[in-house]
>>> print(open('model-v6.txt').read())   # compact mmCIF, C-alpha atoms
# COMPACT_ATOMS: atom_id res chain seq x y z
CA MET A 1 25.53 -0.74 3.65
CA SER A 2 25.15 2.38 5.76
CA LYS A 3 22.64 2.26 8.60
CA LYS A 4 21.92 5.91 7.76
CA LEU A 5 19.71 4.57 4.99
CA ILE A 6 17.32 2.90 7.46
CA ASP A 7 13.86 4.48 7.24
CA ARG A 8 13.72 7.16 9.93
CA PRO A 9 10.97 9.29 11.50
CA THR A 10 10.92 13.07 11.73
CA GLU A 11 9.07 15.71 13.73
CA ILE A 12 5.28 15.44 13.53
CA ARG A 13 3.48 17.71 11.04
CA ASP A 14 1.57 20.44 12.89
CA ASP A 15 -1.90 19.33 11.81
CA GLU A 16 -1.20 15.65 12.63
CA LYS A 17 0.01 15.91 16.23
CA LEU A 18 -1.38 13.55 18.88
CA ASN A 19 -2.48 14.10 22.46
CA ASN A 20 0.76 12.92 24.07
CA SER A 21 -0.45 12.97 27.68
CA LYS A 22 -3.62 10.96 26.99
CA LEU A 23 -1.71 8.52 24.82
CA PHE A 24 1.00 8.02 27.46
CA GLU A 25 -1.60 7.43 30.16
CA TYR A 26 -3.43 4.89 28.01
CA LEU A 27 -0.37 3.03 26.69
CA SER A 28 1.17 2.80 30.15
CA ASN A 29 -1.38 0.08 30.86
CA ILE A 30 -0.29 -1.85 27.76
CA ILE A 31 3.49 -1.52 27.50
CA ASP A 32 6.36 -0.46 29.76
CA LEU A 33 6.68 3.32 29.41
CA ASP A 34 8.72 5.96 31.18
CA ILE A 35 7.53 9.59 31.07
CA GLU A 36 11.10 10.96 30.98
CA SER A 37 12.05 9.02 27.84
CA PHE A 38 8.63 9.01 26.17
CA ASP A 39 8.69 10.58 22.71
CA ILE A 40 6.57 10.49 19.55
CA LEU A 41 7.84 11.09 16.02
CA GLN A 42 6.24 10.61 12.61
CA PHE A 43 7.17 8.57 9.55
CA PRO A 44 6.50 11.26 6.93
CA SER A 45 6.48 9.41 3.62
CA GLY A 46 3.08 7.69 3.54
CA TYR A 47 0.17 9.12 1.56
CA SER A 48 -2.73 7.49 3.39
CA ASN A 49 -2.84 6.25 6.98
CA LEU A 50 -0.63 8.07 9.49
CA THR A 51 2.32 6.25 11.03
CA TYR A 52 4.16 7.29 14.19
CA LEU A 53 7.15 6.07 16.19
CA ILE A 54 6.66 5.67 19.95
CA LYS A 55 9.92 5.67 21.92
CA SER A 56 10.43 4.90 25.61
CA ASN A 57 12.89 2.95 27.76
CA GLU A 58 15.12 2.43 24.72
CA LYS A 59 12.29 0.49 23.06
CA GLU A 60 10.43 1.48 19.90
CA TYR A 61 6.88 0.83 18.70
CA VAL A 62 4.87 1.90 15.67
CA LEU A 63 1.40 3.44 15.97
CA ARG A 64 -0.98 3.47 12.98
CA LYS A 65 -4.13 5.59 12.70
CA PRO A 66 -6.48 6.87 9.95
CA PRO A 67 -5.87 10.33 8.45
CA HIS A 68 -8.06 13.34 9.21
CA GLY A 69 -11.12 13.66 6.98
CA ALA A 70 -11.00 10.14 5.59
CA LYS A 71 -14.35 9.44 3.90
CA ILE A 72 -13.73 5.76 3.15
CA LYS A 73 -13.54 3.80 6.38
CA SER A 74 -12.78 0.50 4.62
CA GLY A 75 -9.54 1.98 3.31
CA HIS A 76 -8.45 3.07 6.79
CA ASP A 77 -9.75 0.21 8.95
CA MET A 78 -7.31 -0.20 11.82
CA SER A 79 -9.20 -3.10 13.42
CA ARG A 80 -9.04 -4.96 10.10
CA GLU A 81 -5.30 -4.42 9.75
CA PHE A 82 -4.72 -5.51 13.35
CA LYS A 83 -6.76 -8.68 12.80
CA VAL A 84 -4.77 -9.56 9.67
CA LEU A 85 -1.44 -9.11 11.44
CA SER A 86 -2.67 -11.16 14.40
CA SER A 87 -3.76 -14.00 12.11
CA LEU A 88 -0.63 -13.97 9.96
CA LYS A 89 2.03 -13.80 12.66
CA GLU A 90 2.42 -17.61 12.86
CA GLN A 91 1.90 -18.38 9.17
CA TYR A 92 3.53 -15.58 7.20
CA HIS A 93 6.64 -14.34 8.94
CA LYS A 94 7.11 -11.21 6.86
CA THR A 95 4.72 -9.18 9.00
CA PRO A 96 5.33 -6.93 12.02
CA ARG A 97 4.17 -8.31 15.37
CA PRO A 98 0.87 -6.68 16.45
CA ILE A 99 0.67 -5.52 20.07
CA HIS A 100 -2.63 -3.76 20.79
CA TYR A 101 -5.72 -2.31 19.10
CA CYS A 102 -7.63 0.62 20.66
CA SER A 103 -11.18 1.39 19.50
CA ASN A 104 -11.59 4.35 21.89
CA ALA A 105 -11.48 7.50 19.74
CA ASP A 106 -11.25 9.68 22.87
CA ILE A 107 -7.54 8.92 23.26
CA ILE A 108 -6.16 10.49 20.04
CA GLY A 109 -9.31 11.31 18.06
CA THR A 110 -9.53 8.01 16.13
CA ASP A 111 -9.01 4.33 16.73
CA PHE A 112 -5.42 3.10 16.34
CA TYR A 113 -3.20 0.10 16.81
CA LEU A 114 0.30 -0.55 18.05
CA MET A 115 2.85 -2.94 16.55
CA GLU A 116 6.55 -3.69 16.79
CA ARG A 117 8.97 -1.56 14.83
CA VAL A 118 10.87 -3.50 12.18
CA LYS A 119 14.01 -1.52 11.40
CA GLY A 120 15.20 -1.59 7.83
CA ILE A 121 15.40 0.14 4.48
CA ILE A 122 12.32 1.26 2.55
CA LEU A 123 13.10 2.01 -1.08
CA ARG A 124 11.71 5.28 -2.37
CA SER A 125 12.27 7.35 -5.50
CA ASN A 126 14.50 9.78 -3.56
CA ASN A 127 16.82 7.19 -1.96
CA TYR A 128 17.01 4.01 -4.02
CA SER A 129 20.02 5.07 -6.11
CA GLN A 130 22.08 5.16 -2.90
CA ILE A 131 21.10 1.57 -2.14
CA ILE A 132 20.78 -0.39 -5.40
CA SER A 133 22.44 0.34 -8.70
CA ASP A 134 23.23 -2.71 -10.83
CA LYS A 135 20.92 -5.01 -12.72
CA SER A 136 21.64 -8.06 -10.54
CA GLN A 137 20.40 -6.20 -7.43
CA PHE A 138 17.21 -5.12 -9.21
CA ASN A 139 16.63 -8.70 -10.39
CA PHE A 140 17.24 -10.08 -6.89
CA LEU A 141 14.76 -7.64 -5.40
CA ALA A 142 12.13 -8.36 -8.08
CA GLU A 143 12.45 -12.13 -7.56
CA GLN A 144 12.03 -11.68 -3.80
CA PHE A 145 9.04 -9.45 -4.44
CA VAL A 146 7.33 -12.08 -6.59
CA ASP A 147 8.29 -14.96 -4.26
CA SER A 148 6.72 -13.17 -1.28
CA PHE A 149 3.67 -12.21 -3.34
CA VAL A 150 2.99 -15.77 -4.51
CA GLU A 151 3.70 -17.13 -1.03
CA LEU A 152 0.95 -14.85 0.32
CA HIS A 153 -1.48 -15.91 -2.40
CA LYS A 154 -0.76 -19.59 -1.69
CA LEU A 155 -1.54 -19.39 2.04
CA ASP A 156 -4.26 -21.72 3.31
CA ILE A 157 -7.06 -19.35 4.36
CA ASN A 158 -8.63 -22.02 6.58
CA LYS A 159 -5.36 -22.58 8.42
CA ILE A 160 -4.84 -18.92 9.23
CA GLY A 161 -8.42 -18.47 10.40
CA LEU A 162 -9.56 -15.82 7.93
CA THR A 163 -12.31 -17.68 6.08
CA ASP A 164 -14.83 -15.02 7.16
CA PHE A 165 -12.62 -12.12 6.09
CA GLY A 166 -14.36 -11.51 2.80
CA ASN A 167 -16.74 -12.96 0.23
CA PRO A 168 -14.87 -14.20 -2.85
CA ASN A 169 -18.06 -14.79 -4.83
CA GLY A 170 -18.55 -11.86 -7.18
CA TYR A 171 -15.52 -10.15 -5.65
CA ASN A 172 -14.25 -8.56 -8.86
CA SER A 173 -17.63 -7.14 -9.78
CA ARG A 174 -18.05 -5.65 -6.30
CA GLN A 175 -14.57 -4.15 -6.53
CA VAL A 176 -15.25 -2.44 -9.85
CA HIS A 177 -18.58 -1.00 -8.74
CA GLY A 178 -17.30 -0.18 -5.25
CA TRP A 179 -14.32 1.81 -6.50
CA CYS A 180 -16.58 3.64 -8.96
CA LYS A 181 -18.69 4.67 -5.99
CA ARG A 182 -15.60 5.75 -4.04
CA TYR A 183 -14.54 7.92 -6.93
CA ASN A 184 -17.95 9.60 -7.17
CA ASN A 185 -17.83 10.28 -3.43
CA SER A 186 -14.47 12.05 -3.75
CA LYS A 187 -14.91 13.76 -7.12
CA THR A 188 -13.54 17.30 -7.38
CA GLU A 189 -14.06 17.87 -11.12
CA GLU A 190 -15.61 16.18 -14.14
CA LEU A 191 -13.14 13.91 -15.94
CA MET A 192 -14.22 12.37 -19.23
CA GLU A 193 -11.31 9.90 -19.05
CA MET A 194 -12.59 8.55 -15.73
CA GLU A 195 -16.04 7.96 -17.21
CA ILE A 196 -14.49 6.07 -20.16
CA VAL A 197 -12.42 3.81 -17.88
CA MET A 198 -15.31 3.10 -15.48
CA LYS A 199 -17.62 2.19 -18.38
CA TRP A 200 -15.01 -0.15 -19.89
CA LEU A 201 -14.34 -1.90 -16.58
CA LYS A 202 -18.04 -2.49 -15.92
CA SER A 203 -18.38 -4.05 -19.38
CA ASN A 204 -15.27 -6.26 -19.14
CA ILE A 205 -15.33 -7.76 -15.65
CA SER A 206 -13.32 -10.99 -15.46
CA GLN A 207 -12.77 -13.32 -12.49
CA SER A 208 -10.47 -16.31 -12.09
CA LYS A 209 -11.30 -19.52 -10.22
CA TYR A 210 -8.69 -18.83 -7.52
CA VAL A 211 -9.38 -17.52 -4.01
CA SER A 212 -6.54 -16.08 -1.94
CA LEU A 213 -5.71 -13.73 0.87
CA ILE A 214 -4.75 -10.58 -0.99
CA HIS A 215 -2.80 -7.56 0.25
CA ASN A 216 -4.24 -4.97 -2.20
CA ASP A 217 -1.27 -2.58 -1.94
CA PHE A 218 1.75 -4.81 -2.59
CA LYS A 219 4.56 -2.55 -3.84
CA TYR A 220 8.20 -1.73 -3.18
CA ASP A 221 7.65 1.08 -0.70
CA ASN A 222 5.59 -1.25 1.50
CA LEU A 223 8.58 -3.57 1.95
CA VAL A 224 11.09 -3.28 4.81
CA LEU A 225 14.45 -4.59 3.58
CA ASP A 226 17.44 -5.84 5.53
CA GLU A 227 20.17 -3.20 5.44
CA ASN A 228 22.86 -5.83 4.82
CA ASP A 229 21.54 -8.08 2.05
CA LEU A 230 18.26 -6.40 0.89
CA SER A 231 16.19 -9.44 1.82
CA ILE A 232 12.57 -8.72 2.76
CA LYS A 233 12.14 -8.42 6.54
CA ALA A 234 8.52 -7.27 6.64
CA ILE A 235 5.59 -6.21 4.49
CA LEU A 236 3.58 -3.21 5.69
CA ASP A 237 0.15 -1.61 5.16
CA TRP A 238 -2.39 -4.44 5.43
CA GLU A 239 -5.49 -2.28 5.93
CA MET A 240 -7.01 -3.22 2.56
CA CYS A 241 -6.26 -6.93 2.89
CA THR A 242 -9.16 -9.25 2.09
CA ILE A 243 -10.11 -12.55 0.42
CA GLY A 244 -10.59 -12.54 -3.32
CA ASP A 245 -9.12 -13.12 -6.76
CA PRO A 246 -5.28 -13.00 -6.43
CA PHE A 247 -4.97 -11.62 -9.95
CA MET A 248 -6.71 -8.43 -8.81
CA ASP A 249 -3.83 -8.04 -6.37
CA LEU A 250 -1.36 -8.71 -9.18
CA GLY A 251 -3.07 -6.16 -11.42
CA THR A 252 -2.68 -3.44 -8.79
CA SER A 253 1.01 -4.25 -8.29
CA LEU A 254 1.61 -4.18 -12.05
CA ALA A 255 -0.16 -0.82 -12.19
CA TYR A 256 2.30 0.58 -9.63
CA TRP A 257 5.17 -0.85 -11.71
CA ILE A 258 5.83 2.23 -13.88
CA GLN A 259 8.79 1.38 -16.09
CA ASN A 260 11.54 3.07 -18.06
CA ASN A 261 9.86 2.93 -21.49
CA ASP A 262 6.44 4.15 -20.31
CA PRO A 263 5.13 7.50 -21.61
CA ASP A 264 6.78 10.58 -20.12
CA PHE A 265 3.53 11.83 -18.60
CA ILE A 266 3.32 8.83 -16.25
CA LYS A 267 7.06 8.69 -15.50
CA GLY A 268 6.77 12.29 -14.35
CA VAL A 269 4.66 11.10 -11.41
CA GLY A 270 7.86 9.74 -9.84
CA LEU A 271 6.14 7.74 -7.10
CA ASN A 272 8.34 4.63 -7.23
CA ILE A 273 11.74 3.18 -8.14
CA THR A 274 10.68 0.85 -10.92
CA MET A 275 11.40 3.41 -13.66
CA ASP A 276 15.13 2.66 -13.43
CA ALA A 277 16.41 1.17 -16.70
CA ASN A 278 17.92 -1.78 -14.76
CA ASN A 279 14.56 -2.77 -13.28
CA PRO A 280 12.63 -5.71 -14.83
CA THR A 281 9.59 -4.86 -16.94
CA ARG A 282 5.95 -5.51 -16.08
CA ASN A 283 5.95 -8.38 -18.54
CA LYS A 284 8.90 -9.94 -16.72
CA ILE A 285 7.10 -9.64 -13.38
CA LEU A 286 4.00 -11.18 -14.97
CA GLN A 287 6.14 -14.03 -16.33
CA LEU A 288 7.82 -14.66 -12.95
CA TYR A 289 4.48 -14.57 -11.14
CA SER A 290 2.83 -16.95 -13.63
CA GLU A 291 5.70 -19.44 -13.32
CA LYS A 292 5.72 -19.39 -9.52
CA PHE A 293 1.94 -19.40 -9.18
CA GLY A 294 1.71 -22.22 -11.71
CA ASN A 295 -0.89 -20.70 -13.99
CA SER A 296 -0.97 -18.36 -16.96
CA ILE A 297 -3.11 -15.29 -16.33
CA LYS A 298 -5.94 -14.71 -18.78
CA ASN A 299 -7.44 -11.27 -19.34
CA ILE A 300 -4.44 -9.53 -17.78
CA VAL A 301 -5.50 -6.23 -19.38
CA PHE A 302 -8.66 -6.19 -17.25
CA TYR A 303 -6.65 -6.73 -14.07
CA PHE A 304 -4.04 -4.13 -15.07
CA VAL A 305 -6.59 -1.48 -16.05
CA PHE A 306 -8.48 -2.08 -12.82
CA GLY A 307 -5.21 -1.59 -10.90
CA LEU A 308 -4.54 1.71 -12.67
CA PHE A 309 -8.12 2.83 -12.03
CA LYS A 310 -7.96 1.88 -8.35
CA ILE A 311 -4.71 3.79 -7.85
CA ALA A 312 -6.27 6.82 -9.56
CA VAL A 313 -9.22 6.67 -7.14
CA ILE A 314 -6.96 6.26 -4.10
CA VAL A 315 -4.98 9.32 -5.18
CA GLN A 316 -8.24 11.21 -5.83
CA GLN A 317 -9.39 10.46 -2.29
CA ILE A 318 -6.16 11.95 -0.93
CA PHE A 319 -6.51 15.00 -3.17
CA PHE A 320 -10.13 15.39 -1.99
CA ARG A 321 -8.89 15.57 1.62
CA TYR A 322 -6.32 18.21 0.66
CA LYS A 323 -8.72 20.33 -1.39
CA ASN A 324 -11.30 20.28 1.41
CA GLY A 325 -8.77 21.33 4.06
CA PHE A 326 -8.58 18.07 6.00
CA THR A 327 -4.80 18.05 5.53
CA LYS A 328 -2.31 20.83 4.80
CA ASP A 329 0.40 18.48 3.52
CA ASN A 330 1.79 20.26 0.44
CA ARG A 331 2.80 16.96 -1.14
CA PHE A 332 -0.87 16.53 -2.03
CA LYS A 333 -1.54 19.79 -3.85
CA ASN A 334 -0.91 18.44 -7.39
CA LEU A 335 -2.29 14.94 -6.95
CA ASP A 336 -5.15 15.72 -9.35
CA GLN A 337 -2.52 15.57 -12.11
CA VAL A 338 -1.43 12.13 -10.90
CA VAL A 339 -5.05 10.96 -11.18
CA LYS A 340 -5.14 12.12 -14.80
CA ALA A 341 -1.81 10.43 -15.60
CA TYR A 342 -3.06 7.04 -14.39
CA LEU A 343 -6.29 7.45 -16.32
CA PHE A 344 -4.41 8.22 -19.54
CA LEU A 345 -2.34 5.07 -18.97
CA ALA A 346 -5.50 3.00 -18.42
CA ILE A 347 -7.01 4.27 -21.67
CA LYS A 348 -3.75 3.50 -23.52
CA SER A 349 -3.81 -0.06 -22.17
CA ILE A 350 -7.44 -0.51 -23.26
CA GLU A 351 -6.61 0.76 -26.75
CA LYS A 352 -3.53 -1.44 -27.13
CA GLN A 353 -4.96 -4.44 -25.20
CA ASN A 354 -1.57 -4.80 -23.61
CA ILE A 355 0.22 -4.03 -20.34
CA GLU A 356 3.30 -2.82 -22.25
CA LEU A 357 2.55 0.69 -23.54
>>> encode(input="model-v6.txt", output="structure tokens")
Amino acid sequence: MSKKLIDRPTEIRDDEKLNNSKLFEYLSNIIDLDIESFDILQFPSGYSNLTYLIKSNEKEYVLRKPPHGAKIKSGHDMSREFKVLSSLKEQYHKTPRPIHYCSNADIIGTDFYLMERVKGIILRSNNYSQIISDKSQFNFLAEQFVDSFVELHKLDINKIGLTDFGNPNGYNSRQVHGWCKRYNNSKTEELMEMEIVMKWLKSNISQSKYVSLIHNDFKYDNLVLDENDLSIKAILDWEMCTIGDPFMDLGTSLAYWIQNNDPDFIKGVGLNITMDANNPTRNKILQLYSEKFGNSIKNIVFYFVFGLFKIAVIVQQIFFRYKNGFTKDNRFKNLDQVVKAYLFLAIKSIEKQNIEL
């Protein structure tokens, strides 16, 4: 497979440039840098936290920082992500190696952390057809996806030292009410559909007996794949990781899993690769997960609808930043329509009491 398909950085967007001289001076005390070969580029595809490539002395590192104008610190907590990676590096080997966390906002305007760069392929809607095409490849990828997901949920929290990383008691209730609050803090217009979904969620909160470390954003474009055999090399974006009900994590992943027979209005969002006709359905992923986890999932509609709702709120937060001038990234200008698409899907799931729509 061509190495040209490896995820590559580009020039930094004008409104997201860093203070190169301050950053070089600071990082020189942490890693081996050379001013002549020092360069910073940006990975342009993310919608939330900003990700940069640091190059020097033929070595490469990744820097992660919050976006400008982020109102929800918990969704952009660099210290939290760094702690997770530090705790997981010996127990869950599909994570990048963390190097350094900086809390001093004077360096580049926010806190940030540095980690190793894991080179590989990241599947996106605009490149996947060059990489995978037949049903067997889609099935292989989906099985790896579920294997890695269940492996994470089966980790011993005591062994990895993250017992104080969250409070699992009442987790699902706090999540529902917390994301409702986040939406109200980033509202840009009145949406009747949002009110319907929030009311339903508050009246139908369910929680399993299981407690796991959960990623909270486990989806294809957060996987780094080996360019030769498409095995998973690393899982990215751990800033929302916590301890809680693993089926909440599953619900979010199923909500991202837009499939070929979904309504046209949600397929038009085009944010992932799962719409390909060769890709397994949500029900197949649910079946695989249930078999590997060793338990059938009750009340899956609650978990699925919550996942759709949470994605809608995350997208709304990004649109809020765009509408209020905190970012000029034109990819964000129509995200209000994406919010509405996910809400329509949530209402359809509530009406049908099913994750297949």
>>> closest_residue(input="model-v6.txt", among="A:Ser253, A:Thr10, A:Ser21, A:Asn185", to="Asn272 of chain A", atoms="only C-alpha atoms")
A:Ser253
>>> residues_around(input="model-v6.txt", residues="Lys83 of chain A", least_positions_apart="5", cutoff="12 Å", atoms="all atoms listed in the file", output="ChimeraX atom specification")
/A:77-78,88-89,97-101,113-115,160-162,164-165,238-242
>>> atom_distance(input="model-v6.txt", atom1="atom CA of Phe332 of chain A", atom2="atom CA of Ile318 of chain A")
7.1 Å
>>> closest_residue(input="model-v6.txt", among="A:Ile355, A:Leu213, A:Ile196, A:Ile314", to="Ala255 of chain A", atoms="all atoms listed in the file")
A:Ile355
>>> atom_distance(input="model-v6.txt", atom1="atom CA of Asn330 of chain A", atom2="atom CA of Thr188 of chain A")
17.5 Å
>>> closest_atom_pairs(input="model-v6.txt", of="segment 182-235 of chain A", to="segment 142-158 of chain A", cutoff="9 Å", atoms="all atoms listed in the file", output="Markdown table")
| residue | atom | partner | partner_atom | distance |
| --- | --- | --- | --- | --- |
| A:Val211 | CA | A:His153 | CA | 8.2 |
| A:Ser212 | CA | A:His153 | CA | 5.1 |
| A:Leu213 | CA | A:His153 | CA | 5.8 |
| A:Ile214 | CA | A:His153 | CA | 6.4 |
| A:His215 | CA | A:Leu152 | CA | 8.2 |
| A:Phe218 | CA | A:Phe149 | CA | 7.7 |
| A:Lys219 | CA | A:Phe145 | CA | 8.2 |
| A:Tyr220 | CA | A:Phe145 | CA | 7.9 |
| A:Leu223 | CA | A:Phe145 | CA | 8.7 |
| A:Ser231 | CA | A:Gln144 | CA | 7.3 |
| A:Ile232 | CA | A:Gln144 | CA | 7.2 |
>>> closest_residue(input="model-v6.txt", among="A:Ile235, A:Leu225, A:Leu357, A:Leu288", to="Asp262 of chain A", atoms="all atoms listed in the file")
A:Leu357
>>> atom_distance(input="model-v6.txt", atom1="atom CA of Ser186 of chain A", atom2="atom CA of Gln317 of chain A")
5.5 Å
>>> closest_residue(input="model-v6.txt", among="A:Phe319, A:Tyr52, A:Phe344, A:Trp257", to="Glu189 of chain A", atoms="all atoms listed in the file")
A:Phe319
>>> closest_residue(input="model-v6.txt", among="A:Ala346, A:Ile311, A:Gly294, A:Asp276", to="Asn139 of chain A", atoms="only C-alpha atoms")
A:Asp276
>>> residues_near_point(input="model-v6.txt", point="(-1.0, 5.5, -6.9)", cutoff="9 Å", atoms="only C-alpha atoms", output="CSV table (one decimal) with C-alpha atoms, keeping the file's coordinate frame")
chain,number,residue,atom,x,y,z
A,255,ALA,CA,-0.2,-0.8,-12.2
A,256,TYR,CA,2.3,0.6,-9.6
A,271,LEU,CA,6.1,7.7,-7.1
A,308,LEU,CA,-4.5,1.7,-12.7
A,310,LYS,CA,-8.0,1.9,-8.4
A,311,ILE,CA,-4.7,3.8,-7.8
A,312,ALA,CA,-6.3,6.8,-9.6
A,313,VAL,CA,-9.2,6.7,-7.1
A,314,ILE,CA,-7.0,6.3,-4.1
A,315,VAL,CA,-5.0,9.3,-5.2
A,338,VAL,CA,-1.4,12.1,-10.9
A,339,VAL,CA,-5.0,11.0,-11.2
A,342,TYR,CA,-3.1,7.0,-14.4
